[in-house]
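Data first, discussion second: the structure below is written as structure tokens.
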Amino acid sequence: MKKSKKNLFVTGVLAISLGLTACSSNSSSGSTSPDKDTGAFNPDNADGQTYEEVRSSLGEVPKLSEEIKLGAVAKAFENEYWRTLKEGMETGAQKFSDKGMNLTIDVKSPQGEADEEGQLAIVKDMINKKYSALLLSPISDSNLVPGVESALEKDIPVMNVNDGIIKEAPNFVGPKADLNGESAAEWISEKLNGEGKVAIIVGMPKAFAARQRTLGFENWMKDNAPNIDIAEKQNADWDRAKAKDIAATWIKKHGDLAAIFANNDTMALGAQEAVNESGKDILVVGVDGIGEAYESIRKGELDATIDSFPKYKGQIAVEMTIRQLGGQEVPRVIWTPQALIDETNVDTPAEEIIKWVDPTIAK
């Protein structure tokens, strides 16, 4: 279905290179709420630096002479986002190898985004094989803690990449997750002229990104768009079919539903299927910037996605790990770029949007 864009105005690029990457009010099943543990580490609230600021302050990347084997563990390659992050890490490692470093990277994932024990087993195996450093994107904020503690005891550096959050890890590399939600809220509010009924499809309750993206969206609406009514909120566990079913129910229940914000593109695409089948003109915005989301925007279906550029995030994570291995003191939190992608910039190259340049390596 070609989506009508009437009554909508074109917005410019909302590109953000950051100072760095639920219980429903009307629904009772499968819901979550933001983390209330004030003792938990939250990189969104940390005094971090952008990767550009790190480059500026630390200068060239040290050229390591010894053999380096990095181990990286993603959530699950069934999701295109994590496959792209893998590609980015491998690309980053290859660039350093091409510059004369004896560097390789092994990027693995468990069978699915719910396989917490399987993910931990991969980490333990990498520790036993004495990898030089670990780059970890845990399924939850706790499932890889035993592995991280073991790695640090053996003097293996650990870089927490993107999500979930490991407070025991010395460093975090990723976007500000709450800004994902804030950007989506601002864009939707502008399209709706500050009025209307919206809904949120939340990811997996244990996931930091799901909590923070939701919180960012809610807080922005509360502070800036009091006439926007968040009528529904329910988690779909990053699952496309669940998101479609939830959206279909909401569309039938609320004849005036104007927009849906989903915590990732997989769920947004499921919600878009429900919107297409309903024949209604309902805005749908996701997060991650996967290829299928871009294609859906080009087709005039999905309205927008918040891209955190995993291909470049992976390269940044590798770079920061090498800096650390080379003796440089990298910040506790390193923020990576993100940008809102809609019909106005969907065909603009990512390098142009985030102004990407490769790091300089010492001779």
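Naming works like this for the structure tokens: A, B, ... for the chains as they're shown, residue 1 at the start of each chain, ligands 1 onward in shown order.
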
Residues of stretch 274-339 of chain A within 12 Å of stretch 215-221 of chain A: nearest atom pair and distance (Å, one decimal) for each, counting only C-alpha atoms, sorted by chain and number, as JSON lines?
{"residue": "A:Val285", "atom": "CA", "partner": "A:Phe217", "partner_atom": "CA", "distance": 11.5}
{"residue": "A:Gly286", "atom": "CA", "partner": "A:Phe217", "partner_atom": "CA", "distance": 11.8}
{"residue": "A:Val287", "atom": "CA", "partner": "A:Phe217", "partner_atom": "CA", "distance": 11.9}

Written selection (all heavy atoms) as a tab-separated table (two decimals), in the first residue's frame:
chain	number	residue	atom	x	y	z
A	285	VAL	N	7.10	4.54	13.17
A	285	VAL	CA	8.52	4.88	13.30
A	285	VAL	C	9.23	3.78	14.07
A	285	VAL	O	8.74	3.33	15.11
A	285	VAL	CB	8.71	6.23	14.02
A	285	VAL	CG1	10.20	6.54	14.19
A	285	VAL	CG2	8.02	7.35	13.25
A	286	GLY	N	10.37	3.33	13.57
A	286	GLY	CA	11.16	2.30	14.24
A	286	GLY	C	12.52	2.82	14.65
A	286	GLY	O	12.81	4.02	14.59
A	287	VAL	N	13.39	1.89	15.05
A	287	VAL	CA	14.76	2.20	15.45
A	287	VAL	C	15.68	1.10	14.92
A	287	VAL	O	15.32	-0.07	14.98
A	287	VAL	CB	14.92	2.28	16.98
A	287	VAL	CG1	16.37	2.61	17.37
A	287	VAL	CG2	13.97	3.31	17.59

Q | Selection: 8 Å around A:Ser132, only C-alpha atoms, excl. self and same-chain fewer than 4 positions, as a list in words | A | Ile68, Lys69, Leu70, Gly71, Ile156 and Pro157 of chain A

Selection file, all heavy atoms, as a tab-separated table (two decimals), in the first residue's frame:
chain	number	residue	atom	x	y	z
A	68	ILE	N	47.04	-9.79	17.84
A	68	ILE	CA	45.82	-9.45	18.57
A	68	ILE	C	44.66	-10.25	17.99
A	68	ILE	O	44.42	-10.23	16.78
A	68	ILE	CB	45.49	-7.93	18.45
A	68	ILE	CG1	46.63	-7.10	19.04
A	68	ILE	CG2	44.17	-7.62	19.15
A	68	ILE	CD1	46.86	-7.28	20.51
A	69	LYS	N	43.95	-10.97	18.86
A	69	LYS	CA	42.74	-11.68	18.44
A	69	LYS	C	41.57	-11.20	19.29
A	69	LYS	O	41.51	-11.46	20.49
A	69	LYS	CB	42.90	-13.19	18.58
A	69	LYS	CG	41.70	-13.96	18.02
A	69	LYS	CD	41.93	-15.46	17.98
A	69	LYS	CE	40.74	-16.16	17.33
A	69	LYS	NZ	40.93	-17.64	17.26
A	70	LEU	N	40.68	-10.45	18.67
A	70	LEU	CA	39.53	-9.92	19.38
A	70	LEU	C	38.36	-10.91	19.30
A	70	LEU	O	38.13	-11.54	18.26
A	70	LEU	CB	39.10	-8.59	18.77
A	70	LEU	CG	40.16	-7.48	18.71
A	70	LEU	CD1	39.57	-6.23	18.06
A	70	LEU	CD2	40.69	-7.17	20.11
A	71	GLY	N	37.62	-11.01	20.39
A	71	GLY	CA	36.41	-11.82	20.41
A	71	GLY	C	35.21	-10.93	20.63
A	71	GLY	O	35.18	-10.12	21.57
A	156	ILE	N	41.81	-9.66	30.74
A	156	ILE	CA	41.31	-9.53	29.38
A	156	ILE	C	40.37	-8.32	29.33
A	156	ILE	O	39.34	-8.32	29.99
A	156	ILE	CB	40.54	-10.80	28.93
A	156	ILE	CG1	41.47	-12.01	28.97
A	156	ILE	CG2	39.95	-10.61	27.53
A	156	ILE	CD1	40.75	-13.34	28.68
A	157	PRO	N	40.72	-7.28	28.60
A	157	PRO	CA	39.86	-6.09	28.54
A	157	PRO	C	38.48	-6.42	27.97
A	157	PRO	O	38.34	-7.29	27.09
A	157	PRO	CB	40.63	-5.15	27.60
A	157	PRO	CG	42.04	-5.63	27.65
A	157	PRO	CD	41.96	-7.11	27.83

Q: Would you return as a ChimeraX atom specification the members of stretch 129-312 of chain A that DSSP assigns to strand (DSSP E) on this structure's backbone?
A: /A:133-136,158-161,171-174,196-202,228-235,257-262,283-288,304-307

Q) Can you tell me, as JSON, numbers by chain, what residues are no more than 9 Å from stretch 246-251 of chain A when counting only C-alpha atoms, ignoring any on the same chain fewer than 5 positions away? A) {"A": [199, 201, 232, 234, 235, 236, 241, 256, 257, 260, 270, 271, 272, 273, 274, 275, 277, 278, 280]}

Q: Fewer than 4 positions away in the same chain doesn't count, so skip those; otherwise give me all residues within 8 Å of A:Asn102, counting only C-alpha atoms, as a PyMOL selection string.
A: chain A and resi 64-68+97

Q) Of the candidates A:Lys191, A:Gln111, A:Asp163, A:Ile122, which shows the shortest atom-to-atom distance to A:Lys176, using only C-alpha atoms? A) A:Asp163

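Checking A:Gly300, A:Pro359, A:Pro331, A:Pro170 one by one against A:Gly59, counting only C-alpha atoms, you find the shortest gap at A:Pro359.
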